[in-house]
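See below for query_23.tsv, which holds TSV, N, CA and C atoms.
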chain	number	residue	atom	x	y	z
L	1	MET	N	-36.69	-61.72	-56.83
L	1	MET	CA	-37.58	-61.95	-55.72
L	1	MET	C	-38.36	-63.23	-56.01
L	2	ALA	N	-38.23	-64.19	-55.14
L	2	ALA	CA	-38.93	-65.46	-55.31
L	2	ALA	C	-40.05	-65.58	-54.29
L	3	CYS	N	-41.26	-65.79	-54.77
L	3	CYS	CA	-42.40	-65.96	-53.88
L	3	CYS	C	-42.62	-67.44	-53.61
L	4	GLY	N	-42.91	-67.77	-52.38
L	4	GLY	CA	-43.09	-69.15	-52.00
L	4	GLY	C	-44.52	-69.61	-52.01
L	5	SER	N	-44.70	-70.87	-51.62
L	5	SER	CA	-46.04	-71.46	-51.59
L	5	SER	C	-46.36	-72.08	-50.24
L	6	THR	N	-45.53	-71.80	-49.22
L	6	THR	CA	-45.78	-72.30	-47.88
L	6	THR	C	-46.78	-71.38	-47.19
L	7	SER	N	-47.88	-71.93	-46.73
L	7	SER	CA	-48.93	-71.12	-46.10
L	7	SER	C	-48.40	-70.41	-44.86
L	8	LEU	N	-48.65	-69.11	-44.79
L	8	LEU	CA	-48.24	-68.31	-43.64
L	8	LEU	C	-49.45	-67.83	-42.86
L	9	TRP	N	-50.47	-67.31	-43.54
L	9	TRP	CA	-51.62	-66.76	-42.85
L	9	TRP	C	-52.79	-66.59	-43.80
L	10	ALA	N	-53.97	-66.38	-43.24
L	10	ALA	CA	-55.16	-66.02	-44.01
L	10	ALA	C	-55.82	-64.89	-43.27
L	11	GLY	N	-56.33	-63.94	-44.00
L	11	GLY	CA	-56.97	-62.79	-43.36
L	11	GLY	C	-57.50	-61.83	-44.39
L	12	GLU	N	-57.56	-60.59	-43.98
L	12	GLU	CA	-58.13	-59.54	-44.79
L	12	GLU	C	-57.03	-58.56	-45.18
L	13	THR	N	-57.11	-58.02	-46.39
L	13	THR	CA	-56.16	-56.99	-46.80
L	13	THR	C	-56.90	-55.74	-47.24
L	14	THR	N	-56.23	-54.63	-47.11
L	14	THR	CA	-56.68	-53.35	-47.63
L	14	THR	C	-55.49	-52.75	-48.37
L	15	TRP	N	-55.65	-51.54	-48.89
L	15	TRP	CA	-54.52	-50.88	-49.54
L	15	TRP	C	-54.19	-49.60	-48.79
L	16	PHE	N	-52.95	-49.15	-48.93
L	16	PHE	CA	-52.46	-47.98	-48.21
L	16	PHE	C	-51.41	-47.26	-49.04
L	17	CYS	N	-51.18	-46.01	-48.70
L	17	CYS	CA	-50.09	-45.25	-49.28
L	17	CYS	C	-48.92	-45.31	-48.31
L	18	CYS	N	-47.72	-45.51	-48.81
L	18	CYS	CA	-46.53	-45.65	-47.97
L	18	CYS	C	-46.31	-44.44	-47.07
L	19	GLY	N	-45.82	-44.71	-45.87
L	19	GLY	CA	-45.47	-43.65	-44.93
L	19	GLY	C	-46.61	-43.29	-44.01
L	20	SER	N	-46.36	-42.30	-43.19
L	20	SER	CA	-47.35	-41.93	-42.18
L	20	SER	C	-48.07	-40.63	-42.48
L	21	SER	N	-47.74	-39.96	-43.57
L	21	SER	CA	-48.38	-38.68	-43.86
L	21	SER	C	-49.62	-38.88	-44.72
L	22	TRP	N	-50.51	-37.91	-44.68
L	22	TRP	CA	-51.71	-37.94	-45.49
L	22	TRP	C	-51.45	-37.19	-46.78
L	23	GLY	N	-52.12	-37.56	-47.83
L	23	GLY	CA	-51.97	-36.87	-49.10
L	23	GLY	C	-51.80	-37.86	-50.23
L	24	PRO	N	-51.47	-37.35	-51.40
L	24	PRO	CA	-51.29	-38.24	-52.55
L	24	PRO	C	-50.23	-39.30	-52.27
L	25	CYS	N	-50.44	-40.49	-52.80
L	25	CYS	CA	-49.50	-41.59	-52.54
L	25	CYS	C	-48.07	-41.22	-52.87
L	26	GLY	N	-47.85	-40.47	-53.93
L	26	GLY	CA	-46.50	-40.13	-54.34
L	26	GLY	C	-45.73	-39.28	-53.35
L	27	SER	N	-46.44	-38.62	-52.42
L	27	SER	CA	-45.76	-37.72	-51.49
L	27	SER	C	-45.81	-38.20	-50.04
L	28	ALA	N	-46.19	-39.45	-49.84
L	28	ALA	CA	-46.47	-39.93	-48.49
L	28	ALA	C	-45.26	-40.39	-47.69
L	29	GLY	N	-44.11	-40.57	-48.28
L	29	GLY	CA	-42.95	-41.02	-47.52
L	29	GLY	C	-42.56	-42.44	-47.85
L	30	THR	N	-41.57	-42.96	-47.13
L	30	THR	CA	-41.03	-44.27	-47.47
L	30	THR	C	-41.29	-45.33	-46.40
L	31	GLY	N	-42.17	-45.08	-45.47
L	31	GLY	CA	-42.59	-46.08	-44.50
L	31	GLY	C	-41.55	-46.44	-43.46
L	32	ALA	N	-41.92	-47.36	-42.59
L	32	ALA	CA	-41.08	-47.75	-41.45
L	32	ALA	C	-39.75	-48.38	-41.88
L	33	CYS	N	-39.72	-49.01	-43.04
L	33	CYS	CA	-38.49	-49.66	-43.50
L	33	CYS	C	-37.60	-48.72	-44.31
L	34	GLY	N	-38.16	-47.58	-44.71
L	34	GLY	CA	-37.39	-46.62	-45.50
L	34	GLY	C	-37.33	-46.95	-46.98
L	35	THR	N	-38.05	-47.98	-47.41
L	35	THR	CA	-37.99	-48.41	-48.82
L	35	THR	C	-39.34	-48.44	-49.50
L	36	CYS	N	-40.40	-48.09	-48.82
L	36	CYS	CA	-41.76	-48.24	-49.34
L	36	CYS	C	-42.03	-47.27	-50.49
L	37	GLN	N	-42.61	-47.81	-51.56
L	37	GLN	CA	-43.03	-47.03	-52.72
L	37	GLN	C	-44.42	-47.49	-53.11
L	38	SER	N	-45.38	-46.57	-53.11
L	38	SER	CA	-46.77	-46.92	-53.40
L	38	SER	C	-46.95	-47.49	-54.81
L	39	SER	N	-46.03	-47.18	-55.72
L	39	SER	CA	-46.13	-47.66	-57.10
L	39	SER	C	-45.49	-49.04	-57.30
L	40	ALA	N	-44.95	-49.62	-56.24
L	40	ALA	CA	-44.30	-50.94	-56.32
L	40	ALA	C	-45.16	-52.00	-55.63
L	41	HIS	N	-44.90	-53.26	-55.91
L	41	HIS	CA	-45.61	-54.37	-55.27
L	41	HIS	C	-45.00	-54.59	-53.89
L	42	GLN	N	-45.54	-53.88	-52.91
L	42	GLN	CA	-45.02	-53.93	-51.55
L	42	GLN	C	-46.17	-54.04	-50.55
L	43	ALA	N	-45.81	-54.30	-49.29
L	43	ALA	CA	-46.82	-54.54	-48.27
L	43	ALA	C	-46.37	-54.02	-46.92
L	44	ALA	N	-47.35	-53.84	-46.05
L	44	ALA	CA	-47.11	-53.54	-44.64
L	44	ALA	C	-47.51	-54.77	-43.85
L	45	TRP	N	-46.67	-55.18	-42.92
L	45	TRP	CA	-46.89	-56.39	-42.10
L	45	TRP	C	-46.92	-55.96	-40.64
L	46	PRO	N	-47.84	-56.48	-39.82
L	46	PRO	CA	-48.00	-56.00	-38.45
L	46	PRO	C	-46.97	-56.48	-37.44
L	47	ASN	N	-45.98	-57.27	-37.87
L	47	ASN	CA	-44.98	-57.75	-36.94
L	47	ASN	C	-43.59	-57.72	-37.59
L	48	THR	N	-43.18	-56.53	-38.05
L	48	THR	CA	-41.85	-56.40	-38.64
L	48	THR	C	-40.79	-56.24	-37.56
L	49	SER	N	-41.20	-55.81	-36.37
L	49	SER	CA	-40.28	-55.59	-35.25
L	49	SER	C	-41.12	-55.51	-33.98
L	50	GLN	N	-40.46	-55.49	-32.83
L	50	GLN	CA	-41.20	-55.36	-31.58
L	50	GLN	C	-41.90	-54.00	-31.51
L	51	ALA	N	-41.23	-52.95	-31.99
L	51	ALA	CA	-41.84	-51.61	-31.99
L	51	ALA	C	-43.10	-51.59	-32.85
L	52	CYS	N	-43.05	-52.25	-33.99
L	52	CYS	CA	-44.22	-52.33	-34.87
L	52	CYS	C	-45.34	-53.12	-34.19
L	53	PHE	N	-45.00	-54.28	-33.64
L	53	PHE	CA	-45.98	-55.13	-32.96
L	53	PHE	C	-46.67	-54.37	-31.82
L	54	ASP	N	-45.91	-53.55	-31.10
L	54	ASP	CA	-46.48	-52.79	-29.98
L	54	ASP	C	-47.53	-51.80	-30.45
L	55	ILE	N	-47.46	-51.38	-31.71
L	55	ILE	CA	-48.44	-50.46	-32.28
L	55	ILE	C	-49.63	-51.20	-32.87
L	56	THR	N	-49.37	-52.28	-33.61
L	56	THR	CA	-50.44	-52.97	-34.35
L	56	THR	C	-51.23	-53.95	-33.50
L	57	ARG	N	-50.59	-54.60	-32.56
L	57	ARG	CA	-51.18	-55.53	-31.59
L	57	ARG	C	-52.17	-56.54	-32.18
L	58	PRO	N	-51.75	-57.34	-33.15
L	58	PRO	CA	-52.64	-58.36	-33.70
L	58	PRO	C	-53.06	-59.39	-32.65
L	59	ASP	N	-52.26	-59.55	-31.60
L	59	ASP	CA	-52.60	-60.50	-30.54
L	59	ASP	C	-53.92	-60.16	-29.85
L	60	LEU	N	-54.29	-58.88	-29.84
L	60	LEU	CA	-55.55	-58.47	-29.21
L	60	LEU	C	-56.76	-58.94	-30.01
L	61	CYS	N	-56.52	-59.39	-31.24
L	61	CYS	CA	-57.58	-59.96	-32.08
L	61	CYS	C	-57.46	-61.48	-32.16
L	62	GLY	N	-56.59	-62.05	-31.34
L	62	GLY	CA	-56.40	-63.49	-31.35
L	62	GLY	C	-55.45	-63.97	-32.43
L	63	GLU	N	-54.71	-63.05	-33.04
L	63	GLU	CA	-53.77	-63.41	-34.11
L	63	GLU	C	-52.35	-63.52	-33.56
L	64	SER	N	-51.72	-64.66	-33.76
L	64	SER	CA	-50.32	-64.83	-33.34
L	64	SER	C	-49.45	-64.82	-34.59
L	65	ILE	N	-49.33	-63.65	-35.17
L	65	ILE	CA	-48.66	-63.46	-36.45
L	65	ILE	C	-47.15	-63.52	-36.29
L	66	ALA	N	-46.51	-64.29	-37.15
L	66	ALA	CA	-45.06	-64.45	-37.11
L	66	ALA	C	-44.34	-63.16	-37.46
L	67	ARG	N	-43.18	-62.97	-36.86
L	67	ARG	CA	-42.36	-61.81	-37.19
L	67	ARG	C	-41.70	-62.03	-38.55
L	68	ARG	N	-41.85	-61.05	-39.41
L	68	ARG	CA	-41.20	-61.03	-40.72
L	68	ARG	C	-40.61	-59.65	-40.90
L	69	ALA	N	-39.32	-59.57	-41.10
L	69	ALA	CA	-38.61	-58.30	-41.15
L	69	ALA	C	-38.80	-57.57	-42.47
L	70	CYS	N	-38.40	-56.32	-42.48
L	70	CYS	CA	-38.38	-55.54	-43.71
L	70	CYS	C	-37.59	-56.32	-44.75
L	71	GLY	N	-38.10	-56.36	-45.97
L	71	GLY	CA	-37.44	-57.09	-47.04
L	71	GLY	C	-37.95	-58.50	-47.25
L	72	SER	N	-38.74	-59.01	-46.30
L	72	SER	CA	-39.32	-60.35	-46.46
L	72	SER	C	-40.24	-60.36	-47.68
L	73	VAL	N	-40.31	-61.51	-48.34
L	73	VAL	CA	-41.12	-61.65	-49.55
L	73	VAL	C	-42.31	-62.56	-49.26
L	74	MET	N	-43.48	-62.14	-49.71
L	74	MET	CA	-44.71	-62.90	-49.49
L	74	MET	C	-45.51	-62.96	-50.78
L	75	ASN	N	-46.30	-64.01	-50.91
L	75	ASN	CA	-47.20	-64.17	-52.04
L	75	ASN	C	-48.61	-64.01	-51.47
L	76	VAL	N	-49.37	-63.07	-52.01
L	76	VAL	CA	-50.72	-62.80	-51.52
L	76	VAL	C	-51.71	-63.25	-52.59
L	77	LYS	N	-52.65	-64.11	-52.18
L	77	LYS	CA	-53.62	-64.70	-53.12
L	77	LYS	C	-55.04	-64.29	-52.74
L	78	HIS	N	-55.74	-63.71	-53.70
L	78	HIS	CA	-57.15	-63.34	-53.51
L	78	HIS	C	-57.95	-64.62	-53.34
L	79	GLN	N	-58.67	-64.75	-52.24
L	79	GLN	CA	-59.42	-65.96	-51.92
L	79	GLN	C	-60.46	-66.29	-52.99
L	80	CYS	N	-61.06	-65.29	-53.61
L	80	CYS	CA	-62.16	-65.52	-54.54
L	80	CYS	C	-61.70	-65.77	-55.97
L	81	SER	N	-60.85	-64.90	-56.48
L	81	SER	CA	-60.45	-64.99	-57.89
L	81	SER	C	-59.22	-65.86	-58.11
L	82	GLY	N	-58.43	-66.08	-57.06
L	82	GLY	CA	-57.20	-66.85	-57.21
L	82	GLY	C	-56.03	-66.01	-57.72
L	83	ALA	N	-56.26	-64.73	-58.02
L	83	ALA	CA	-55.18	-63.86	-58.49
L	83	ALA	C	-54.13	-63.72	-57.39
L	84	THR	N	-52.86	-63.68	-57.78
L	84	THR	CA	-51.78	-63.56	-56.82
L	84	THR	C	-50.86	-62.40	-57.15
L	85	VAL	N	-50.17	-61.91	-56.13
L	85	VAL	CA	-49.16	-60.89	-56.31
L	85	VAL	C	-48.03	-61.17	-55.32
L	86	CYS	N	-46.81	-61.03	-55.79
L	86	CYS	CA	-45.63	-61.21	-54.96
L	86	CYS	C	-45.23	-59.84	-54.41
L	87	VAL	N	-45.11	-59.72	-53.09
L	87	VAL	CA	-44.81	-58.42	-52.47
L	87	VAL	C	-43.61	-58.52	-51.54
L	88	THR	N	-42.99	-57.37	-51.31
L	88	THR	CA	-41.90	-57.24	-50.37
L	88	THR	C	-42.38	-56.41	-49.19
L	89	VAL	N	-42.14	-56.86	-47.96
L	89	VAL	CA	-42.53	-56.10	-46.77
L	89	VAL	C	-41.66	-54.85	-46.69
L	90	SER	N	-42.33	-53.69	-46.66
L	90	SER	CA	-41.59	-52.43	-46.66
L	90	SER	C	-42.18	-51.40	-45.70
L	91	ASP	N	-43.12	-51.83	-44.86
L	91	ASP	CA	-43.71	-50.90	-43.88
L	91	ASP	C	-44.33	-51.71	-42.75
L	92	CYS	N	-44.64	-51.03	-41.67
L	92	CYS	CA	-45.32	-51.60	-40.51
L	92	CYS	C	-46.81	-51.31	-40.64
L	93	GLY	N	-47.63	-52.30	-40.38
L	93	GLY	CA	-49.08	-52.10	-40.42
L	93	GLY	C	-49.74	-53.39	-40.86
L	94	PRO	N	-51.02	-53.45	-40.96
L	94	PRO	CA	-51.97	-52.45	-40.48
L	94	PRO	C	-52.13	-52.51	-38.97
L	95	ARG	N	-52.82	-51.55	-38.43
L	95	ARG	CA	-53.09	-51.52	-36.99
L	95	ARG	C	-54.23	-52.51	-36.71
L	96	THR	N	-53.87	-53.79	-36.71
L	96	THR	CA	-54.83	-54.89	-36.63
L	96	THR	C	-55.81	-54.72	-35.47
L	97	GLN	N	-55.33	-54.27	-34.32
L	97	GLN	CA	-56.19	-54.14	-33.15
L	97	GLN	C	-57.39	-53.23	-33.39
L	98	SER	N	-57.30	-52.31	-34.34
L	98	SER	CA	-58.40	-51.39	-34.61
L	98	SER	C	-59.51	-52.03	-35.44
L	99	PHE	N	-59.25	-53.22	-35.98
L	99	PHE	CA	-60.22	-53.85	-36.87
L	99	PHE	C	-60.57	-55.28	-36.45
L	100	CYS	N	-60.45	-55.60	-35.17
L	100	CYS	CA	-60.76	-56.94	-34.67
L	100	CYS	C	-62.18	-57.34	-35.08
L	101	GLY	N	-62.29	-58.51	-35.65
L	101	GLY	CA	-63.60	-59.05	-36.01
L	101	GLY	C	-64.14	-58.58	-37.34
L	102	GLU	N	-63.53	-57.57	-37.94
L	102	GLU	CA	-63.98	-57.11	-39.25
L	102	GLU	C	-63.81	-58.27	-40.23
L	103	ALA	N	-64.81	-58.48	-41.09
L	103	ALA	CA	-64.77	-59.62	-42.00
L	103	ALA	C	-65.02	-59.20	-43.44
L	104	THR	N	-64.37	-59.89	-44.36
L	104	THR	CA	-64.59	-59.73	-45.79
L	104	THR	C	-64.87	-61.12	-46.34
L	105	CYS	N	-65.95	-61.25	-47.11
L	105	CYS	CA	-66.40	-62.56	-47.56
L	105	CYS	C	-66.54	-62.63	-49.08
L	106	CYS	N	-66.47	-63.85	-49.58
L	106	CYS	CA	-66.81	-64.14	-50.97
L	106	CYS	C	-67.09	-65.63	-51.07
L	107	ASN	N	-67.99	-65.97	-51.94
L	107	ASN	CA	-68.35	-67.38	-52.17
L	107	ASN	C	-68.66	-68.12	-50.86
L	108	GLY	N	-69.23	-67.41	-49.89
L	108	GLY	CA	-69.63	-68.03	-48.63
L	108	GLY	C	-68.53	-68.23	-47.62
L	109	ALA	N	-67.31	-67.86	-47.95
L	109	ALA	CA	-66.18	-68.00	-47.02
L	109	ALA	C	-65.68	-66.61	-46.63
L	110	CYS	N	-65.41	-66.43	-45.34
L	110	CYS	CA	-64.99	-65.13	-44.85
L	110	CYS	C	-63.59	-65.19	-44.24
L	111	ARG	N	-62.90	-64.07	-44.28
L	111	ARG	CA	-61.61	-63.88	-43.59
L	111	ARG	C	-61.80	-62.70	-42.66
L	112	THR	N	-61.27	-62.83	-41.46
L	112	THR	CA	-61.41	-61.76	-40.48
L	112	THR	C	-60.05	-61.18	-40.11
L	113	ASN	N	-60.08	-59.96	-39.63
L	113	ASN	CA	-58.92	-59.22	-39.12
L	113	ASN	C	-57.95	-58.83	-40.23
L	114	ARG	N	-57.67	-57.55	-40.30
L	114	ARG	CA	-56.69	-57.05	-41.27
L	114	ARG	C	-55.31	-57.49	-40.83
L	115	VAL	N	-54.66	-58.26	-41.67
L	115	VAL	CA	-53.34	-58.76	-41.32
L	115	VAL	C	-52.24	-58.30	-42.28
L	116	ILE	N	-52.62	-57.70	-43.38
L	116	ILE	CA	-51.62	-57.18	-44.32
L	116	ILE	C	-52.25	-56.05	-45.11
L	117	ASP	N	-51.45	-55.01	-45.35
L	117	ASP	CA	-51.86	-53.91	-46.22
L	117	ASP	C	-50.98	-53.97	-47.46
L	118	LEU	N	-51.58	-53.70	-48.61
L	118	LEU	CA	-50.85	-53.70	-49.87
L	118	LEU	C	-50.78	-52.29	-50.44
L	119	THR	N	-49.71	-51.99	-51.13
L	119	THR	CA	-49.63	-50.71	-51.84
L	119	THR	C	-50.69	-50.72	-52.94
L	120	PRO	N	-51.08	-49.54	-53.45
L	120	PRO	CA	-52.06	-49.52	-54.54
L	120	PRO	C	-51.65	-50.39	-55.72
L	121	ALA	N	-50.36	-50.40	-56.05
L	121	ALA	CA	-49.90	-51.22	-57.18
L	121	ALA	C	-50.13	-52.70	-56.91
L	122	ALA	N	-49.80	-53.17	-55.72
L	122	ALA	CA	-49.97	-54.59	-55.37
L	122	ALA	C	-51.45	-54.96	-55.28
L	123	PHE	N	-52.25	-54.11	-54.62
L	123	PHE	CA	-53.68	-54.38	-54.47
L	123	PHE	C	-54.34	-54.47	-55.84
L	124	SER	N	-53.99	-53.56	-56.74
L	124	SER	CA	-54.58	-53.54	-58.09
L	124	SER	C	-54.24	-54.79	-58.88
L	125	ALA	N	-53.15	-55.47	-58.53
L	125	ALA	CA	-52.77	-56.69	-59.23
L	125	ALA	C	-53.72	-57.85	-58.92
L	126	ILE	N	-54.42	-57.79	-57.78
L	126	ILE	CA	-55.32	-58.89	-57.41
L	126	ILE	C	-56.78	-58.47	-57.25
L	127	GLY	N	-57.05	-57.16	-57.24
L	127	GLY	CA	-58.41	-56.69	-57.07
L	127	GLY	C	-58.54	-55.23	-57.47
L	128	ASN	N	-59.74	-54.72	-57.36
L	128	ASN	CA	-60.03	-53.34	-57.72
L	128	ASN	C	-59.91	-52.45	-56.48
L	129	LEU	N	-59.19	-51.35	-56.59
L	129	LEU	CA	-59.01	-50.45	-55.44
L	129	LEU	C	-60.34	-50.03	-54.84
L	130	SER	N	-61.37	-49.88	-55.66
L	130	SER	CA	-62.66	-49.43	-55.15
L	130	SER	C	-63.32	-50.46	-54.22
L	131	SER	N	-62.89	-51.72	-54.27
L	131	SER	CA	-63.46	-52.73	-53.37
L	131	SER	C	-62.99	-52.50	-51.94
L	132	GLY	N	-61.84	-51.88	-51.77
L	132	GLY	CA	-61.36	-51.51	-50.43
L	132	GLY	C	-60.73	-52.61	-49.61
L	133	LYS	N	-61.37	-53.76	-49.54
L	133	LYS	CA	-60.87	-54.89	-48.74
L	133	LYS	C	-61.03	-56.18	-49.54
L	134	LEU	N	-60.13	-57.12	-49.29
L	134	LEU	CA	-60.20	-58.42	-49.95
L	134	LEU	C	-59.84	-59.52	-48.97
L	135	PRO	N	-60.49	-60.68	-49.06
L	135	PRO	CA	-60.07	-61.83	-48.28
L	135	PRO	C	-58.89	-62.50	-49.00
L	136	VAL	N	-57.82	-62.79	-48.24
L	136	VAL	CA	-56.62	-63.30	-48.89
L	136	VAL	C	-55.97	-64.43	-48.09
L	137	TYR	N	-55.15	-65.20	-48.82
L	137	TYR	CA	-54.24	-66.17	-48.23
L	137	TYR	C	-52.84	-65.59	-48.44
L	138	ILE	N	-51.96	-65.81	-47.48
L	138	ILE	CA	-50.60	-65.29	-47.55
L	138	ILE	C	-49.63	-66.46	-47.46
L	139	TYR	N	-48.69	-66.48	-48.39
L	139	TYR	CA	-47.69	-67.55	-48.47
L	139	TYR	C	-46.29	-66.94	-48.43
L	140	GLU	N	-45.32	-67.77	-48.05
L	140	GLU	CA	-43.92	-67.32	-48.11
L	140	GLU	C	-43.05	-68.41	-48.68
Produce structure tokens that represent the structure in this file.
Amino acid sequence: MACGSTSLWAGETTWFCCGSSWGPCGSAGTGACGTCQSSAHQAAWPNTSQACFDITRPDLCGESIARRACGSVMNVKHQCSGATVCVTVSDCGPRTQSFCGEATCCNGACRTNRVIDLTPAAFSAIGNLSSGKLPVYIYE
């Protein structure tokens, strides 16, 4: 898996357990792509397909996010610390329309709108799970 350095987006990230069920991450399912594992460096992207886009609706927050299919590889960089993690898109999400205008800041710079969710393993590589949200840059 090769992570790129071409800027794709900037926004906010949170962490999630794969799949649509509630409960411990290990029992949550394999997500919209069928490959999601909470213990792997993976992500949910709000425009993996038209069906996904119809649910997440980032456009309602003014985001014109590019379509990236299941299996796409992205490099996510913490805006504050510079820590990076290479992830594979393996689920649909986050539901961006539910978080329009939400902001996460550090060092006087803020990122708005949730545009990517990371598995606990990926989120932990760039930040502490207890922080909940991080401002990030996304590259491909």
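Counting only N, CA and C atoms, the residue from L:Pro120, L:Gly82, L:Gly127, L:Gly132 that sits nearest to Gln37 of chain L is L:Pro120.
Coordinates place atom C of Pro46 of chain L at a distance of 18.8 Å from atom N of Ala122 of chain L.
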**Request:** Run DSSP on the backbone and grab whatever in chain L lands in helix (DSSP H, G or I); send it over as a PyMOL selection string.
**Result:** chain L and resi 25-27+50-56+58-61+96-99+120-126+129-131
**Item:** Protein and nucleic acid residues near (-56.3, -50.6, -50.1) (cut-off 5 Å, all atoms listed in the file) as a list in words
**Value:** Thr14, Trp15, Phe16 and Gly132 of chain L
Selected residues written out, N, CA and C atoms, as an mmCIF file, in the coordinates of the input:
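Just written: selection_31.cif:
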data_model
loop_
_atom_site.group_PDB
_atom_site.id
_atom_site.type_symbol
_atom_site.label_atom_id
_atom_site.label_comp_id
_atom_site.auth_asym_id
_atom_site.auth_seq_id
_atom_site.Cartn_x
_atom_site.Cartn_y
_atom_site.Cartn_z
ATOM 1 N N THR L 14 -56.230 -54.630 -47.110
ATOM 2 C CA THR L 14 -56.680 -53.350 -47.630
ATOM 3 C C THR L 14 -55.490 -52.750 -48.370
ATOM 4 N N TRP L 15 -55.650 -51.540 -48.890
ATOM 5 C CA TRP L 15 -54.520 -50.880 -49.540
ATOM 6 C C TRP L 15 -54.190 -49.600 -48.790
ATOM 7 N N PHE L 16 -52.950 -49.150 -48.930
ATOM 8 C CA PHE L 16 -52.460 -47.980 -48.210
ATOM 9 C C PHE L 16 -51.410 -47.260 -49.040
ATOM 10 N N GLY L 132 -61.840 -51.880 -51.770
ATOM 11 C CA GLY L 132 -61.360 -51.510 -50.430
ATOM 12 C C GLY L 132 -60.730 -52.610 -49.610
#
**Asked** Using only N, CA and C atoms, which residues sit within 7 Å of segment 39-42 of chain L once same-chain residues fewer than 3 positions away are excluded, as a PyMOL selection string?
**Response** chain L and resi 25+36+86-91+117-123
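Note that the spacing between atom CA of Ser38 of chain L and atom N of Cys18 of chain L amounts to 4.9 Å.
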**Request:** Enumerate, as an MDAnalysis selection string, the complete set of residues in chain L that a backbone-based DSSP assignment places in strand (DSSP E or B).
**Result:** chainID L and resid 7:15 42:45 73:78 84:92 103:106 109:112 114:118 133:139
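Contact shell of Ser49 of chain L at 6 Å (all atoms listed in the file; same-chain neighbours under 5 positions omitted): Asp54, Arg68 and Ala69 of chain L.
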**Prompt:** What residues have an atom no more than 12 Å from (-52.9, -64.4, -43.5) in the file's own frame, counting only C-alpha atoms, and can you write them as number ranges by chain?
**Reply:** L: 6-13, 45-46, 58, 63-66, 74-79, 96, 111-117, 134-140
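Between Lys133 of chain L and the candidates L:Thr104, L:Gln50, L:Ala109, L:Val73, the tightest atom-to-atom separation, counting only C-alpha atoms, involves L:Thr104.
Note that atom CA of Arg57 of chain L and atom CA of Gly29 of chain L are 23.1 Å apart.
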So for segment 55-61 of chain L, what box centre and size do we get, axis-aligned, 6 Å extra on each of the six sides, every listed atom, Å to one decimal, as AutoDock Vina command-line options?
--center_x -52.5 --center_y -56.0 --center_z -31.8 --size_x 22.1 --size_y 23.0 --size_z 17.1
**Nearest candidate to Cys100 of chain L (options L:Thr56, L:Gly34, L:Cys17, L:Gly4; using only C-alpha atoms)** = L:Thr56
